[in-house]
Every structure is written in structure tokens, then in C-alpha cells.
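Student: Provided herewith is a single structure, encoded as C-alpha cells, for subsequent inquiry.
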Amino acid sequence: MKYLSPRAQISINWLQKGRFIDDTQILKRLIEDKYGKPTEKINPKEFESEYNLQGVDGCEIPFTEYDTSLGINALYEMLGHFKFQRTGKTILEWLQSMLPEDIDYKKSIAYAFGRISSKNYPSLEELGLQVSGLDSLSAALLSIGNHTKIANDTIEWLVVLWRYWIDEIKEDMLRKIENNLTIDTTVGETRKIIKKFISKIGVISQSDPVILNLRSQLSFLENHSANEKLLEVLPKQIPDIEETKKLHKKMRESSKFREELERMLEKTPEISSTSTIIENLSDIIENKQPTEEQLKLLSAYLPKQPATLDSFKNSLKDILYSQNIHSQWMAVGIRADDVSAEEHGGLIGSFREHVNFMNNPIVREVCRYLSPFSEPKKITADETAQILGISKRISFNRLAQIEKFLNTTTLIGLHALGMQFRIAVGRKKRPLLKSKGLVEKIHLSDSDFQIATIYIEPKSSQGPDKKEQLLQVVGDSTFFSLRLDLYDAHLRRWRYPDTHDTRGSDGWIYREPKMSATQYSPTQREVDVMSALWGTHEYWNQMKWLLDSLGIPRRTSDYVISELVKNDIITVVHHPIIDYCGLPEGYLLVAKHTENKKLQTAFERIIALSNYCKGFYNQQHTDLCATIRTPRGSGGIIIGQIADLLERDNFEYMIARVDRQWTYYFTVLERLYDESTKSFIDPWI
């Protein structure tokens, strides 16, 4: 990753240089250029003086208020026998004593929790992007506290924090396993890693299933000498289906294998012949999802294979896997809880997951009203009064709230520019292909594929030379789908989708740029404006602030946006901030098929099944790439159903969980644009 020079000042002239700097760094520097750098250490007195607030230690709050706001009793229940030794003479010291012992930024977290519990802190409008006296983490937590008011939600702050901390310990152990276990690792070294983890988590919860499973692993290892090599003592295993296919192909005609089967048949009278059992095995092996009984048959007749280091690591990953893990998306929101606090992204994401703007009827109604508009639309007081059925006087107060929950996504019609996307997915977590056209990098898990990179290029491009061992698809038609109609306001949760649902139902926001018969040649200023809109998702006022801060005059940007919309180069979608919609689980889907009708049918079912889905496909309807976001706990079911339909129709495909995303939309068009020809260069040449 490249980093910004300390002397760099972000402007449209700087963006035109097309540097490989990710979108978060650019927005963060832009905010710092405008408001200065955030406070490194929290200074409560400075903050309280700025906003004329009483100190947290002076607030008289009953314990029941703390319990309701922070979830103290829920935390006791979660941690079982473990009890806090609440210590300290002041409220802040008492709050700090309830946090995990070695968590960073204790003072910042305790102060923010104290403010939230007392309900005595400034509104979003008052706080701004840089808050005097607060560091980035405490400012972000107060920002999330304000968002709970918009969503009519509550967060058990302490419960969420402790779960995050425990998951971080598990992740740290997985990293140690990945880095420290080698083919030469001894049993003693492995036992040491596992014991260290058990001692840390076991203090909190001896009954955690993770502890019990790891103790079982430890018990097995303690039956062997500390100096023995780990790989030499691990039990042999049944090969997985792919390995079994290879093994079976070699053994199918083997006389030795047949002789072994003949001997085993004497013990299995219900199977009449060697040929019958080979047929049975063949059927199982060709079945991509064998049943438990079928796997037992395989284990009885196929020879077990020596354990591998990867298989042992995967077994530990299965034990340590947390249901609370969420995908970490690129921070491009000009908010105190996003770009300004990107270094705390994991923790911030854990709290945001518990705030759902869909619980607010105003959010749902405003988004339905704005869904037909394809250019940036500033909603007025008159429109607000009409949508919500309130007086115009009250509607002015609602407008400030609306500004805080709305985002926009700009879709660029690459086909109109003679351009297309290309995604390459690989099995090793390293940079796949170097190209000036890079727009996204995504780390993946729960799949053989570990990394994906997305590029843009002219449609005439032949792409990269390196194509082996990579799954690649291209597409010039982009789409955006958000199914607000799936939200059950009464039950306050997302309902399960129906594959037979069709686009056009009330609350289903779907958009893609219109196809253009002619190629458009953009000016430099149009490329500048498209770059700014592509790099973030801000609604009206923040979007205008961004364009102004980059040095694009207001009248110029208004005119350029209007022309781009009129010529079907861009289309804009209005929607709630996706990070506050209760959709923390992210997946990447890449699929291809030689029959376009099958891909068209699959595409309609995929967007019907997905709460949120964004991506691209090609005009021939043979290639598809989609990013899918789902509610907590629903992802496995939804993705499993999508995989089933792709399997049934013999697609070549890949589905993986998104771990982390990096984006480069602010600068990619500038890197490829040639002002002399008003066209874009091929990044692979």
C-alpha cells in the first residue's frame, strides 16, 4: 500500500496525477486540510468547555441507567462465572475497570460510554468531523450514539466491546498459527501456542466451546513427546472430494485396489461384487455434495492420507471461527464514525452493525420517494412535509435528520465510455496483476480463492498476459439493487427473500445505466467530476462540500453532473447508509456460463435473494460479478441457495466471504484518461 506524502494537499489537480493512493487516505487528508488533524489524546475538559457540558463524574446516574445503556447484566450473563471487580473512586475510573484489561484506548472508550449513558452529549450537527478535545475513537462512538437515535435502536455497548475483544484474541491466535506453524514445527511448540490462548480466554469463560475444543486438541498432543514433529503425529485423514477424485481416477483400474476390495467384500456380504462397490464409490465421488452416509462408505474403502499442515490449520480455524466476524469495507463516508476513525474500523464496525436505520419509518419513506431520481436530488421542506404528512414548519427540523441517514451511489456507464470492468480472482493472497486500471482489491475467506482484484480497461483490451490459474470475468453493464421491501418494520428485522420476487415491487431499489448506441468522449472536467462522485457515497450537502474542497466550482459541477446524466454516462441512486442497514456479512460472487439465457435467469434470482447486491455483467450475458451483503446469520443460507442454482446449471463460479476491501475510484479514471484524444488508454500495454 502506498501512503500520502505529508506535504500532499488534495485538490483536483492532485487527483489528475493519478497516484495509487486508496480512497480512504484521500478523504482523510481532505478533511485534515479543511479542519486540521484530530486530537491524538482525549482531553475531556477541553471538550466539555467547548460544548458547555457538565463533567461525566458529576452526572448523577442510577445504576439501572448504566445497565440499560451499557448492557452490564447482559455481559455478566454472557461471561458466565467471570465477575468484574469494579474499582475506582470516580465514574470514569469505574467504567474503565469494566473494560477488557489490555484493550487499547481505555480512557477514550470509558469517556464515550459515560457520555452515552448520561445522554449528555452534542448532536451530529453540533459535533462535526473534527471534535475539539476528543480523539477519533471517542468522537466516532458519540457519532454512533447519535445514529442510534435516528434508528430508534439501543446498543449493549459493553457486550459488543467484549465480544469484539474476544474475537480479536481468536484472530491473533489464527495469525500466530498461520505464521508460526511450519513443516518443522514440533508438538511442544504447538502446545505452547494453544496453551497461551486457553490461559487468556479461559480466565473469562471456561465453558466457551472454543476452549473445550482446543482442550481436546491439547489432550491429543500431550500424548506425544514435545520433540516430535507435529506432522508426524497427526492422525491420517480422509481426503476431501477434490483430492478423492484424483485418487479414485488413479486407483480405478488398479489391480492392487481390486484385490484389496475382494478381501474387504468377504466382510461385507450385502455388497455382491467388486464392480458394484466401484460403481458406488464412483457415484459418491462424482456427487459434489455427498451425504454423511456416503462419506462413511468412502472412509471405509478409500485409503486415508497423511495429514497436511494446511489441514491442521484449517481444523483450528474451524474451532476459532466467530459468528460475529463482519466484512470490513473501505471507509469512504465523510463522517466521524467512518473516514475520520478508519484506524479503528474493526471496532467501529462491530458497533455500527447493531444500528439499523430501517427501523425509522422516515428513512423508508424518504428512500422510496427518492428512488426514481437518477441525478443528485436535494429534498425540500415542501417535499418532506408531503412525504411524511407533517406541517412545513416541522419539516424543516426533519431535513437536518434526513441529511444524516442518506447516501448516494454513482454508477458510471462504462459501456458509453468504451470501457469495461475486469475481475481476476486467485488462490494466493498476494497482488495478482499490476495495472494502472486497478479500482478494488478484496481479501477473501471461506474459499479456495483468497484475493480478488478489479480493474477498468477499454473494451478493445486483450487484458493481462497472465491468465493461468485465475478466474476472470469482464463486464460493461453495472447494476445496484437494494431490497428495502424485505424489511419487516413490525418485527424490526429483515425477512427471508423469495427467489420468485420480481423487480419493480414497492421498496425494491434497482438501477443500472442505460445502454448507449454511441461512444461518448468526455472532457477533462467531466472526468474530474466523475472521479469525485465515484470515490464516495455522500448525499447533497456533503457531496457539494467534497466538490468545493477539491476546487471544482459549484456552478461547474452542477452543469457537468446535469450533462453526464442527460447523456446517460452516470446514474445516481439514493439510499440509506448501507453500513447502518443491518447487513454486516459480505460476499463476492464471480460466475460465467456459455449460455446467456442461463446467466440472465441466474442473475434475476441472485438479486432477488440478496438484500443488497452491486456489480457488473457483460452485454453477452455470459459473465457476472456481484458483491452481496446480508443480515447476520442469513448469509450462509442465502449464499448456499445461490450456489445450488449455479451448480445445477453448471456454471463456472466462485463465492467467498469478503474479509476486507480497498478501493481506488478517486484516481483510476485520471490514471487512464488521455486528454489529447478524449479517450482512455489500455492499462495492460
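How things are named: the first chain in the C-alpha cells is A, the next is B, and so on; residues count from 1 in each chain; ligands count from 1 in the order shown.
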Residues within 8 Å of Gln96 in chain A, please, as a VMD selection string. Count only C-alpha atoms; anything in the same chain fewer than 6 positions from it doesn't count.

Tutor: chain A and resid 106 to 107 109 to 110

Student: Which range 637-676 of chain A residues have any atom within 10 Å of an atom of range 581-600 of chain A, and for each, what is the nearest pair of atoms with distance in Å to one decimal, counting only C-alpha atoms, rows sorted by chain and number, as CSV?

Tutor:
```
residue,atom,partner,partner_atom,distance
A:Ile639,CA,A:Tyr587,CA,8.1
A:Ile642,CA,A:Leu589,CA,9.5
A:Ala643,CA,A:Leu589,CA,9.5
A:Leu646,CA,A:Ala591,CA,8.2
A:Asp649,CA,A:Lys598,CA,7.2
A:Asn650,CA,A:His593,CA,7.8
A:Phe651,CA,A:His593,CA,5.3
A:Glu652,CA,A:Lys592,CA,5.4
A:Tyr653,CA,A:Ala591,CA,4.1
A:Met654,CA,A:Val590,CA,5.2
A:Ile655,CA,A:Leu589,CA,4.6
A:Ala656,CA,A:Leu588,CA,5.5
A:Arg657,CA,A:Tyr587,CA,4.4
A:Val658,CA,A:Tyr587,CA,5.1
A:Asp659,CA,A:Gly586,CA,7.9
A:Arg660,CA,A:Gly586,CA,9.4
```

Student: Could you save the residues just selected, with C-alpha atoms, as a PDB file, in the first residue's frame?

Tutor:
```
ATOM      1  CA  ILE A 639     -25.239 -17.944  -0.407  1.00  0.00           C
ATOM      2  CA  ILE A 642     -27.241 -19.172  -4.818  1.00  0.00           C
ATOM      3  CA  ALA A 643     -24.501 -21.826  -5.025  1.00  0.00           C
ATOM      4  CA  LEU A 646     -25.237 -22.155 -10.067  1.00  0.00           C
ATOM      5  CA  ASP A 649     -26.897 -25.113 -14.255  1.00  0.00           C
ATOM      6  CA  ASN A 650     -23.185 -25.996 -14.476  1.00  0.00           C
ATOM      7  CA  PHE A 651     -21.712 -22.521 -14.014  1.00  0.00           C
ATOM      8  CA  GLU A 652     -18.030 -21.909 -13.522  1.00  0.00           C
ATOM      9  CA  TYR A 653     -18.163 -19.821 -10.384  1.00  0.00           C
ATOM     10  CA  MET A 654     -16.596 -18.696  -7.114  1.00  0.00           C
ATOM     11  CA  ILE A 655     -18.303 -17.442  -3.935  1.00  0.00           C
ATOM     12  CA  ALA A 656     -16.245 -16.248  -0.958  1.00  0.00           C
ATOM     13  CA  ARG A 657     -16.712 -14.167   2.163  1.00  0.00           C
ATOM     14  CA  VAL A 658     -15.311 -10.635   1.960  1.00  0.00           C
ATOM     15  CA  ASP A 659     -12.763 -10.019   4.730  1.00  0.00           C
ATOM     16  CA  ARG A 660     -11.510  -6.597   3.714  1.00  0.00           C
TER      17      ARG A 660
END
```

Student: Do you know which residues are at most 8 Å from Thr190 in chain A counting only C-alpha atoms, after dropping those on the same chain fewer than 5 positions away, and could you put them as an NGL selection string?

Tutor: :A and (181 or 185 or 230)

Student: Enter the distance from CA of Glu383 in chain A to CA of Val363 in chain A, in Å, rounded to one decimal.

Tutor: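 CA of Val363 in chain A lies 14.0 Å from CA of Glu383 in chain A.
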
Student: Please, which residues in range 550-632 of chain A fall within 6 Å of range 464-481 of chain A when counting only C-alpha atoms, and what is the closest atom pair and distance in Å to one decimal for each, ordered by chain then residue number, as JSON lines?

Tutor:
```
{"residue": "A:Tyr612", "atom": "CA", "partner": "A:Ser481", "partner_atom": "CA", "distance": 5.7}
{"residue": "A:Cys613", "atom": "CA", "partner": "A:Ser481", "partner_atom": "CA", "distance": 5.1}
{"residue": "A:Lys614", "atom": "CA", "partner": "A:Phe480", "partner_atom": "CA", "distance": 4.6}
{"residue": "A:Gly615", "atom": "CA", "partner": "A:Phe479", "partner_atom": "CA", "distance": 5.6}
{"residue": "A:Phe616", "atom": "CA", "partner": "A:Thr478", "partner_atom": "CA", "distance": 4.2}
{"residue": "A:Tyr617", "atom": "CA", "partner": "A:Gly475", "partner_atom": "CA", "distance": 4.3}
{"residue": "A:Asn618", "atom": "CA", "partner": "A:Gly475", "partner_atom": "CA", "distance": 3.9}
{"residue": "A:Asp623", "atom": "CA", "partner": "A:Val473", "partner_atom": "CA", "distance": 5.5}
```

Student: Please dump the current selection as an mmCIF file, in the first residue's frame; keep C-alpha atoms.

Tutor:
```cif
data_model
loop_
_atom_site.group_PDB
_atom_site.id
_atom_site.type_symbol
_atom_site.label_atom_id
_atom_site.label_comp_id
_atom_site.auth_asym_id
_atom_site.auth_seq_id
_atom_site.Cartn_x
_atom_site.Cartn_y
_atom_site.Cartn_z
ATOM 1 C CA TYR A 612 -28.026 -5.727 -1.221
ATOM 2 C CA CYS A 613 -26.266 -6.561 -4.472
ATOM 3 C CA LYS A 614 -23.960 -4.447 -6.641
ATOM 4 C CA GLY A 615 -21.703 -5.407 -9.531
ATOM 5 C CA PHE A 616 -21.436 -5.823 -13.287
ATOM 6 C CA TYR A 617 -22.160 -8.191 -16.167
ATOM 7 C CA ASN A 618 -21.342 -8.184 -19.885
ATOM 8 C CA ASP A 623 -20.054 -13.091 -17.227
#
```

Student: Which parts of range 323-482 of chain A does DSSP call strand (DSSP E or B) when run on the backbone here, written out as JSON, numbers by chain?

Tutor: {"A": [328, 356, 406, 407, 408, 409, 410, 411, 412, 419, 420, 421, 422, 423, 424, 425, 426, 438, 439, 440, 441, 442, 443, 444, 445, 451, 452, 453, 454, 455, 456, 457, 458, 471, 472, 473, 474, 475, 477, 478, 479, 480, 481, 482]}

Student: Range 11-199 of chain A: which residues are alpha helix (DSSP H) by DSSP, as a ChimeraX atom specification?

Tutor: /A:12-15,23-35,44-51,63-70,72-79,91-97,106-118,124-127,136-151,157-180,187-199

Student: Near range 402-413 of chain A, within 8 Å and counting only C-alpha atoms, which residues show up once chain neighbours fewer than 5 positions away are dropped, as a PDB file with C-alpha atoms, in the first residue's frame?

Tutor:
```pdb
ATOM      1  CA  ILE A 150     -32.131   8.106  14.244  1.00  0.00           C
ATOM      2  CA  PHE A 357     -31.814   2.914  10.076  1.00  0.00           C
ATOM      3  CA  VAL A 363     -35.844   6.571   6.327  1.00  0.00           C
ATOM      4  CA  PRO A 376     -28.409  14.049  -7.229  1.00  0.00           C
ATOM      5  CA  ASP A 476     -19.562  -3.194 -19.037  1.00  0.00           C
ATOM      6  CA  SER A 477     -23.089  -3.064 -17.515  1.00  0.00           C
ATOM      7  CA  THR A 478     -23.159  -2.035 -13.844  1.00  0.00           C
ATOM      8  CA  PHE A 479     -26.118  -2.502 -11.511  1.00  0.00           C
ATOM      9  CA  GLU A 512     -28.340   0.412 -13.951  1.00  0.00           C
ATOM     10  CA  PRO A 513     -27.136   2.966 -16.526  1.00  0.00           C
ATOM     11  CA  LYS A 514     -28.909   2.892 -19.880  1.00  0.00           C
ATOM     12  CA  MET A 515     -27.085   1.267 -22.761  1.00  0.00           C
ATOM     13  CA  MET A 530     -16.957  11.519 -12.325  1.00  0.00           C
ATOM     14  CA  LEU A 533     -18.590  11.144  -7.405  1.00  0.00           C
ATOM     15  CA  TRP A 534     -17.197   7.613  -7.862  1.00  0.00           C
ATOM     16  CA  THR A 536     -17.517   8.357  -2.148  1.00  0.00           C
ATOM     17  CA  HIS A 537     -21.248   7.993  -1.443  1.00  0.00           C
ATOM     18  CA  GLU A 538     -22.216  11.332   0.041  1.00  0.00           C
ATOM     19  CA  TYR A 539     -25.651  12.957  -0.136  1.00  0.00           C
ATOM     20  CA  TRP A 540     -26.265  16.540  -1.213  1.00  0.00           C
ATOM     21  CA  ASN A 541     -24.509  18.849   1.271  1.00  0.00           C
ATOM     22  CA  ASP A 568     -26.630   8.519 -19.775  1.00  0.00           C
ATOM     23  CA  ILE A 569     -22.996   8.490 -18.642  1.00  0.00           C
ATOM     24  CA  ILE A 570     -23.891   8.387 -14.944  1.00  0.00           C
ATOM     25  CA  THR A 571     -26.931   7.499 -12.890  1.00  0.00           C
ATOM     26  CA  VAL A 572     -27.260   8.216  -9.168  1.00  0.00           C
ATOM     27  CA  VAL A 573     -29.059   6.020  -6.603  1.00  0.00           C
ATOM     28  CA  HIS A 574     -30.339   7.456  -3.290  1.00  0.00           C
ATOM     29  CA  HIS A 575     -30.382   5.026  -0.350  1.00  0.00           C
ATOM     30  CA  PRO A 576     -29.735   4.781   3.416  1.00  0.00           C
ATOM     31  CA  ILE A 577     -26.116   4.487   4.576  1.00  0.00           C
TER      32      ILE A 577
END
```

Student: Extract, using only C-alpha atoms, all DNA, RNA and protein residues at most 12 Å from Gln386 in chain A, discarding same-chain residues fewer than 4 positions from it, and format them as a PDB file with N, CA, C and O atoms, in the first residue's frame.

Tutor:
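This went into around17.pdb:
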```
ATOM      1  N   ILE A 362     -39.270   7.189   8.683  1.00  0.00           N
ATOM      2  CA  ILE A 362     -38.884   8.340   7.852  1.00  0.00           C
ATOM      3  C   ILE A 362     -37.846   7.905   6.821  1.00  0.00           C
ATOM      4  O   ILE A 362     -37.906   8.293   5.652  1.00  0.00           O
ATOM      5  N   GLU A 365     -39.586   5.879   4.007  1.00  0.00           N
ATOM      6  CA  GLU A 365     -40.452   6.688   3.133  1.00  0.00           C
ATOM      7  C   GLU A 365     -39.641   7.627   2.242  1.00  0.00           C
ATOM      8  O   GLU A 365     -39.947   7.796   1.054  1.00  0.00           O
ATOM      9  N   VAL A 366     -38.616   8.254   2.792  1.00  0.00           N
ATOM     10  CA  VAL A 366     -37.791   9.177   2.004  1.00  0.00           C
ATOM     11  C   VAL A 366     -37.063   8.432   0.886  1.00  0.00           C
ATOM     12  O   VAL A 366     -36.989   8.904  -0.257  1.00  0.00           O
ATOM     13  N   TYR A 369     -39.364   7.611  -1.912  1.00  0.00           N
ATOM     14  CA  TYR A 369     -39.671   8.810  -2.702  1.00  0.00           C
ATOM     15  C   TYR A 369     -38.533   9.149  -3.660  1.00  0.00           C
ATOM     16  O   TYR A 369     -38.754   9.520  -4.815  1.00  0.00           O
ATOM     17  N   ILE A 379     -33.726  17.050  -1.348  1.00  0.00           N
ATOM     18  CA  ILE A 379     -35.124  17.049  -0.953  1.00  0.00           C
ATOM     19  C   ILE A 379     -35.456  18.364  -0.240  1.00  0.00           C
ATOM     20  O   ILE A 379     -34.641  18.905   0.511  1.00  0.00           O
ATOM     21  N   THR A 380     -36.627  18.913  -0.496  1.00  0.00           N
ATOM     22  CA  THR A 380     -37.021  20.221   0.055  1.00  0.00           C
ATOM     23  C   THR A 380     -37.959  20.049   1.244  1.00  0.00           C
ATOM     24  O   THR A 380     -38.480  18.959   1.496  1.00  0.00           O
ATOM     25  N   ALA A 381     -38.197  21.167   1.942  1.00  0.00           N
ATOM     26  CA  ALA A 381     -39.117  21.145   3.084  1.00  0.00           C
ATOM     27  C   ALA A 381     -40.532  20.816   2.627  1.00  0.00           C
ATOM     28  O   ALA A 381     -41.260  20.068   3.301  1.00  0.00           O
ATOM     29  N   ASP A 382     -40.936  21.356   1.475  1.00  0.00           N
ATOM     30  CA  ASP A 382     -42.276  21.055   0.954  1.00  0.00           C
ATOM     31  C   ASP A 382     -42.426  19.568   0.651  1.00  0.00           C
ATOM     32  O   ASP A 382     -43.451  18.951   0.971  1.00  0.00           O
ATOM     33  N   ILE A 390     -46.596  15.896   7.417  1.00  0.00           N
ATOM     34  CA  ILE A 390     -46.399  16.807   8.544  1.00  0.00           C
ATOM     35  C   ILE A 390     -46.472  18.244   8.057  1.00  0.00           C
ATOM     36  O   ILE A 390     -46.495  18.507   6.851  1.00  0.00           O
ATOM     37  N   SER A 391     -46.504  19.188   8.996  1.00  0.00           N
ATOM     38  CA  SER A 391     -46.560  20.597   8.612  1.00  0.00           C
ATOM     39  C   SER A 391     -45.204  21.051   8.082  1.00  0.00           C
ATOM     40  O   SER A 391     -44.171  20.453   8.400  1.00  0.00           O
ATOM     41  N   LYS A 392     -45.225  22.106   7.277  1.00  0.00           N
ATOM     42  CA  LYS A 392     -43.972  22.611   6.714  1.00  0.00           C
ATOM     43  C   LYS A 392     -43.045  23.109   7.819  1.00  0.00           C
ATOM     44  O   LYS A 392     -41.819  22.974   7.723  1.00  0.00           O
ATOM     45  N   ILE A 394     -42.615  21.897  10.835  1.00  0.00           N
ATOM     46  CA  ILE A 394     -41.914  20.753  11.424  1.00  0.00           C
ATOM     47  C   ILE A 394     -40.935  20.144  10.419  1.00  0.00           C
ATOM     48  O   ILE A 394     -39.881  19.618  10.790  1.00  0.00           O
ATOM     49  N   SER A 395     -41.274  20.231   9.124  1.00  0.00           N
ATOM     50  CA  SER A 395     -40.445  19.583   8.099  1.00  0.00           C
ATOM     51  C   SER A 395     -39.029  20.148   8.050  1.00  0.00           C
ATOM     52  O   SER A 395     -38.090  19.441   7.686  1.00  0.00           O
TER      53      SER A 395
END
```
